[in-house]
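Participant: Input data-v7.cif, format and content: mmCIF, C-alpha atoms and all ligand atoms.
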```
data_start
#
loop_
_atom_site.label_atom_id
_atom_site.label_comp_id
_atom_site.auth_asym_id
_atom_site.auth_seq_id
_atom_site.Cartn_x
_atom_site.Cartn_y
_atom_site.Cartn_z
CA MET A 16 69.36 -183.40 142.24
CA TRP A 17 70.59 -180.46 140.18
CA LEU A 18 70.56 -178.28 143.31
CA LEU A 19 72.82 -180.73 145.13
CA ASP A 20 75.20 -180.76 142.18
CA PHE A 21 75.10 -176.98 142.07
CA LEU A 22 75.90 -176.68 145.76
CA ALA A 23 78.63 -179.29 145.68
CA PRO A 24 80.43 -179.17 142.34
CA ARG A 25 82.37 -182.38 142.04
CA SER A 26 85.56 -183.39 140.42
CA CYS A 27 87.17 -186.74 139.67
CA VAL A 28 88.71 -188.27 142.81
CA PHE A 29 91.65 -189.57 140.76
CA CYS A 30 92.60 -186.73 138.38
CA GLY A 31 90.71 -183.71 139.70
CA THR A 32 88.95 -182.95 136.39
CA PRO A 33 85.61 -181.22 137.08
CA SER A 34 82.76 -183.69 136.61
CA THR A 35 80.35 -183.36 133.72
CA ALA A 36 76.62 -183.86 134.26
CA ASP A 37 76.65 -187.63 133.78
CA GLU A 38 79.85 -188.27 135.72
CA LYS A 39 79.93 -188.83 139.47
CA SER A 40 83.09 -189.31 141.54
CA ILE A 41 85.22 -190.76 138.74
CA CYS A 42 85.60 -189.19 135.28
CA THR A 43 84.96 -191.28 132.17
CA GLY A 44 88.68 -191.45 131.34
CA CYS A 45 89.79 -192.61 134.80
CA LEU A 46 86.85 -195.02 134.98
CA SER A 47 87.90 -196.76 131.78
CA ASP A 48 91.55 -196.83 132.93
CA LEU A 49 90.75 -198.69 136.17
CA PRO A 50 92.20 -202.20 136.51
CA TRP A 51 88.91 -203.90 135.59
CA ASN A 52 88.70 -207.61 136.16
CA GLU A 53 88.02 -209.24 132.78
CA ALA A 54 86.22 -212.05 134.62
CA PRO A 55 84.62 -210.37 137.66
CA VAL A 56 82.44 -213.36 138.51
CA SER A 57 84.59 -216.02 140.14
CA PRO A 58 84.34 -219.47 138.52
CA LEU A 59 84.92 -220.99 141.98
CA PRO A 60 81.98 -219.71 144.03
CA ASP A 61 82.90 -221.79 147.12
CA VAL A 62 80.22 -221.40 149.82
CA PHE A 63 78.82 -218.47 147.88
CA GLU A 64 76.05 -218.50 145.36
CA CYS A 65 78.04 -215.92 143.45
CA SER A 66 81.38 -214.22 144.09
CA ILE A 67 82.18 -210.96 142.29
CA ALA A 68 85.17 -208.61 142.39
CA MET A 69 85.05 -205.76 139.92
CA LEU A 70 88.73 -204.78 139.85
CA HIS A 71 92.24 -206.09 140.41
CA TYR A 72 93.75 -204.80 143.61
CA SER A 73 96.33 -202.56 141.96
CA PHE A 74 96.94 -198.86 141.29
CA PRO A 75 95.02 -196.62 141.76
CA ILE A 76 92.48 -198.70 143.66
CA ASP A 77 94.92 -200.10 146.22
CA ALA A 78 95.99 -196.54 147.09
CA ALA A 79 92.36 -195.34 147.24
CA ILE A 80 91.31 -198.17 149.57
CA LYS A 81 94.28 -197.59 151.89
CA ALA A 82 93.61 -193.83 151.91
CA LEU A 83 89.99 -194.49 152.84
CA LYS A 84 90.76 -196.99 155.60
CA PHE A 85 93.88 -195.62 157.17
CA HIS A 86 93.79 -191.89 156.38
CA ARG A 87 90.04 -191.27 156.57
CA LYS A 88 89.82 -190.01 152.98
CA LEU A 89 86.06 -190.53 153.03
CA PHE A 90 85.51 -189.08 149.56
CA TYR A 91 86.90 -192.33 148.17
CA ALA A 92 83.94 -194.20 149.67
CA ALA A 93 81.56 -192.66 147.12
CA ALA A 94 83.91 -193.55 144.25
CA LEU A 95 84.33 -197.13 145.43
CA SER A 96 80.61 -197.61 145.93
CA GLU A 97 80.01 -196.32 142.40
CA ILE A 98 82.34 -199.08 141.19
CA LEU A 99 80.37 -201.62 143.23
CA CYS A 100 77.11 -200.38 141.73
CA THR A 101 78.40 -201.20 138.24
CA ALA A 102 78.08 -204.85 139.30
CA GLN A 103 74.29 -204.64 139.32
CA PRO A 104 73.75 -206.54 136.01
CA LEU A 105 75.97 -209.37 137.31
CA LEU A 106 74.17 -209.81 140.62
CA PRO A 107 71.65 -212.58 141.26
CA SER A 108 68.13 -211.19 141.08
CA ASP A 109 66.86 -212.67 144.36
CA ILE A 110 69.13 -210.76 146.78
CA ASP A 111 66.99 -209.44 149.61
CA ALA A 112 69.56 -207.95 151.98
CA VAL A 113 73.04 -206.42 151.89
CA LEU A 114 75.56 -206.96 154.66
CA PRO A 115 78.80 -205.00 155.00
CA VAL A 116 81.56 -207.10 156.58
CA PRO A 117 81.37 -206.03 160.24
CA LEU A 118 84.38 -204.51 161.96
CA HIS A 119 85.10 -205.33 165.56
CA TRP A 120 83.86 -202.44 167.74
CA ARG A 121 87.38 -201.69 168.92
CA ARG A 122 88.73 -201.28 165.41
CA LYS A 123 85.67 -199.29 164.40
CA ALA A 124 86.23 -196.98 167.38
CA LEU A 125 89.83 -196.45 166.29
CA ARG A 126 88.97 -195.88 162.64
CA GLY A 127 85.78 -193.94 163.30
CA PHE A 128 83.79 -195.75 160.62
CA ASN A 129 83.39 -199.10 158.90
CA GLN A 130 84.50 -198.67 155.30
CA ALA A 131 82.47 -201.69 154.19
CA ALA A 132 79.29 -200.10 155.57
CA GLU A 133 80.03 -196.90 153.67
CA LEU A 134 80.43 -198.93 150.48
CA ALA A 135 77.41 -201.16 151.06
CA GLN A 136 74.80 -198.49 151.73
CA PRO A 137 74.53 -197.25 148.10
CA VAL A 138 74.40 -200.87 146.88
CA ALA A 139 71.48 -201.60 149.23
CA SER A 140 69.73 -198.45 148.00
CA LEU A 141 70.32 -199.36 144.37
CA LEU A 142 68.88 -202.86 144.90
CA GLY A 143 66.09 -201.51 147.11
CA VAL A 144 66.86 -203.97 149.92
CA ALA A 145 67.73 -203.71 153.61
CA LEU A 146 71.22 -203.01 154.89
CA LEU A 147 71.86 -205.47 157.72
CA ARG A 148 73.56 -204.26 160.86
CA ASN A 149 72.84 -206.86 163.52
CA ILE A 150 75.79 -209.10 162.83
CA ARG A 151 78.70 -208.46 165.14
CA ARG A 152 82.35 -209.24 164.93
CA THR A 153 82.82 -210.84 168.31
CA ARG A 154 86.50 -211.56 168.12
CA ALA A 155 89.02 -208.88 167.33
CA THR A 156 90.82 -210.82 164.66
CA PRO A 157 94.38 -209.64 164.10
CA TYR A 158 95.19 -208.09 160.75
CA GLN A 159 95.01 -210.80 158.15
CA SER A 160 97.67 -209.52 155.81
CA GLY A 161 100.82 -211.60 155.92
CA LEU A 162 99.02 -214.73 157.10
CA ASN A 163 98.56 -217.81 154.98
CA ALA A 164 95.12 -219.23 154.24
CA ALA A 165 95.12 -221.77 157.09
CA ALA A 166 96.17 -219.14 159.63
CA ARG A 167 93.47 -216.77 158.37
CA ALA A 168 90.78 -219.41 158.67
CA ARG A 169 91.96 -220.26 162.21
CA ASN A 170 91.84 -216.58 163.16
CA LEU A 171 88.29 -216.27 161.90
CA ARG A 172 86.72 -219.25 163.64
CA ARG A 173 83.70 -217.98 165.62
CA ALA A 174 84.59 -214.42 164.60
CA PHE A 175 81.00 -213.40 163.85
CA THR A 176 77.79 -213.48 165.88
CA VAL A 177 74.54 -213.31 163.96
CA GLY A 178 71.82 -211.53 165.93
CA ARG A 179 68.11 -212.21 165.65
CA MET A 180 66.95 -211.42 162.15
CA ASP A 181 64.17 -212.14 159.71
CA PRO A 182 64.96 -215.09 157.48
CA HIS A 183 66.62 -213.93 154.30
CA ARG A 184 66.62 -215.67 150.98
CA HIS A 185 69.88 -214.33 149.72
CA ILE A 186 72.31 -212.02 151.52
CA LEU A 187 74.94 -210.08 149.59
CA ILE A 188 78.12 -209.53 151.62
CA VAL A 189 79.97 -206.35 150.62
CA ASP A 190 83.64 -205.70 151.28
CA ASP A 191 86.42 -203.52 149.92
CA VAL A 192 89.01 -206.17 149.09
CA VAL A 193 88.91 -209.95 148.98
CA THR A 194 92.26 -211.69 149.31
CA THR A 195 91.87 -215.35 150.23
CA GLY A 196 88.15 -214.83 150.84
CA ALA A 197 88.54 -216.25 154.36
CA THR A 198 86.70 -213.37 156.06
CA ALA A 199 83.70 -213.44 153.73
CA ARG A 200 83.65 -217.25 153.89
CA ALA A 201 83.58 -217.26 157.72
CA LEU A 202 80.80 -214.69 157.65
CA ALA A 203 78.85 -216.66 155.02
CA LYS A 204 79.09 -219.83 157.12
CA SER A 205 77.69 -217.96 160.14
CA LEU A 206 74.80 -216.63 158.04
CA LEU A 207 74.02 -220.02 156.51
CA ALA A 208 74.13 -221.63 159.98
CA ALA A 209 71.65 -218.96 161.15
CA GLY A 210 69.15 -219.95 158.46
CA THR A 211 69.99 -217.75 155.48
CA ARG A 212 69.39 -219.76 152.33
CA LYS A 213 72.03 -218.28 150.03
CA VAL A 214 74.96 -215.91 150.40
CA SER A 215 76.90 -214.05 147.72
CA VAL A 216 79.84 -211.69 147.99
CA LEU A 217 80.67 -208.49 146.14
CA ALA A 218 84.01 -206.71 146.53
CA VAL A 219 85.56 -203.70 144.87
CA ALA A 220 88.79 -205.56 144.19
CA ARG A 221 90.39 -208.99 144.35
CA ALA A 222 93.99 -209.20 145.49
CA GLY A 223 96.45 -211.86 144.43
ZN ZN B 1 89.66 -188.64 136.29
#
```
I need this file expressed as structure tokens, please.
Ligand SMILES: [Zn+2]

Facilitator:
Amino acid sequence: MWLLDFLAPRSCVFCGTPSTADEKSICTGCLSDLPWNEAPVSPLPDVFECSIAMLHYSFPIDAAIKALKFHRKLFYAAALSEILCTAQPLLPSDIDAVLPVPLHWRRKALRGFNQAAELAQPVASLLGVALLRNIRRTRATPYQSGLNAAARARNLRRAFTVGRMDPHRHILIVDDVVTTGATARALAKSLLAAGTRKVSVLAVARAG
């Protein structure tokens, strides 16, 4: 590990301060200044066993997420996944698979990557569980921003196709931002209909 650090000296993605030995992508000062959610676990779990968003969707996280998604600033993915990993003590203990919210292939081709998959991989490693990839987004849903909750839900009907998979006890959906939760909810319903017993959701930030 020290060799990797030696070869790739890192600095804070937000302020540029060189990282100390126990810091990763975000320095201690910037980490404590993030817009942490004082109640990250939602009291209204909905179809989810547990619904967690670590931060409020505000500066500098909103800018970091947009830079990652729309300007390919991939170094933010490591920082955002480190934030997700801080959720470990809050997560249910029986999670046996992690699922990044799938992007439609056309949007993934345009963007070059699925940001949720980049964020979910370190979470799966941390929990020591599989990262699921055989769930497809079968309808290219239009961008959800600007739509009300009913329109979002309508957009998302039959949006996901769950491929053949081993039965899972508890799948953790990972996404960058939850707004109304309509996307994660549609995905959760598809998973539950396919035989998954429980579904939870973990996001970096909650908007609104
Ligand atoms: Zn910093």

Participant: Can you pull out every residue within 10 Å of A:Ala199, counting only C-alpha atoms, but drop anything in the same chain fewer than 3 positions away, and send it as a VMD selection string?

Facilitator: chain A and resid 62 to 63 66 115 to 116 171 188 to 190 193 to 196 202 to 205 214 to 218

Participant: Could you dump the residues just selected with C-alpha atoms as a PDB file, in the coordinates of the input?

Facilitator:
```
ATOM      1  CA  VAL A  62      80.220-221.400 149.820  1.00  0.00           C
ATOM      2  CA  PHE A  63      78.820-218.470 147.880  1.00  0.00           C
ATOM      3  CA  SER A  66      81.380-214.220 144.090  1.00  0.00           C
ATOM      4  CA  PRO A 115      78.800-205.000 155.000  1.00  0.00           C
ATOM      5  CA  VAL A 116      81.560-207.100 156.580  1.00  0.00           C
ATOM      6  CA  LEU A 171      88.290-216.270 161.900  1.00  0.00           C
ATOM      7  CA  ILE A 188      78.120-209.530 151.620  1.00  0.00           C
ATOM      8  CA  VAL A 189      79.970-206.350 150.620  1.00  0.00           C
ATOM      9  CA  ASP A 190      83.640-205.700 151.280  1.00  0.00           C
ATOM     10  CA  VAL A 193      88.910-209.950 148.980  1.00  0.00           C
ATOM     11  CA  THR A 194      92.260-211.690 149.310  1.00  0.00           C
ATOM     12  CA  THR A 195      91.870-215.350 150.230  1.00  0.00           C
ATOM     13  CA  GLY A 196      88.150-214.830 150.840  1.00  0.00           C
ATOM     14  CA  LEU A 202      80.800-214.690 157.650  1.00  0.00           C
ATOM     15  CA  ALA A 203      78.850-216.660 155.020  1.00  0.00           C
ATOM     16  CA  LYS A 204      79.090-219.830 157.120  1.00  0.00           C
ATOM     17  CA  SER A 205      77.690-217.960 160.140  1.00  0.00           C
ATOM     18  CA  VAL A 214      74.960-215.910 150.400  1.00  0.00           C
ATOM     19  CA  SER A 215      76.900-214.050 147.720  1.00  0.00           C
ATOM     20  CA  VAL A 216      79.840-211.690 147.990  1.00  0.00           C
ATOM     21  CA  LEU A 217      80.670-208.490 146.140  1.00  0.00           C
ATOM     22  CA  ALA A 218      84.010-206.710 146.530  1.00  0.00           C
TER      23      ALA A 218
END
```

Participant: Might you pull out every residue within 8 Å of A:Phe29, with only C-alpha atoms counted and same-chain residues fewer than 5 positions away left off, and present them as a PyMOL selection string?

Facilitator: chain A and resi 41+45+75

Participant: Taking all atoms listed in the file into account, which residues have an atom no farther than 9 Å from ligand ZN 1 (chain B)? I'd like them as a list in words.

Facilitator: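 Using all atoms listed in the file, I find these residues within 9 Å of ligand ZN 1 (chain B): Ser26, Cys27, Val28, Phe29, Cys30, Gly31, Thr32, Pro33, Ser34, Ser40, Ile41, Cys42, Thr43, Gly44, Cys45 and Leu46 of chain A.
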
Participant: Could you check the closest approach to A:Val177 for each of A:Ala94, A:Cys65, A:Thr211, A:His71 and tell me which residue wins, using only C-alpha atoms?

Facilitator: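 Distance minimum relative to A:Val177 lands on A:Thr211.
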
Participant: I'd like the interatomic distance between atom CA of A:Gly127 and atom CA of A:Thr101, to a tenth of an Å.

Facilitator: 27.1 Å

Participant: Calculated over only C-alpha atoms, which of the candidates A:Arg221, A:Pro137, A:Leu147, A:Ile98 has the smallest distance to A:Ser47?

Facilitator: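 Ranking A:Arg221, A:Pro137, A:Leu147, A:Ile98 by distance to A:Ser47, first place goes to A:Ile98.
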
Participant: Taking (84.8, -209.6, 137.0) in the file's coordinates as the center, which residues reach within 12 Å of it, counting only C-alpha atoms, put as a list of chain:residue names?

Facilitator: A:Pro50, A:Trp51, A:Asn52, A:Glu53, A:Ala54, A:Pro55, A:Val56, A:Ser57, A:Pro58, A:Cys65, A:Ser66, A:Ile67, A:Ala68, A:Met69, A:Leu70, A:His71, A:Ile98, A:Leu99, A:Thr101, A:Ala102, A:Gln103, A:Pro104, A:Leu105, A:Leu106, A:Leu217, A:Ala218, A:Val219, A:Ala220, A:Arg221

Participant: Using all atoms listed in the file, pick whichever of A:Glu97, A:Asp109, A:Asp37, A:Asp181 has the shortest atom-to-atom distance to A:Ser140.

Facilitator: A:Glu97

Participant: Any idea what's packed within 10 Å of A:Ala209, counting all atoms listed in the file, ignoring anything in its chain fewer than 6 positions away? Could you give it as a list in words?

Facilitator: Thr176, Val177, Gly178, Arg179, Met180, Pro182, His183 and Ala203 of chain A
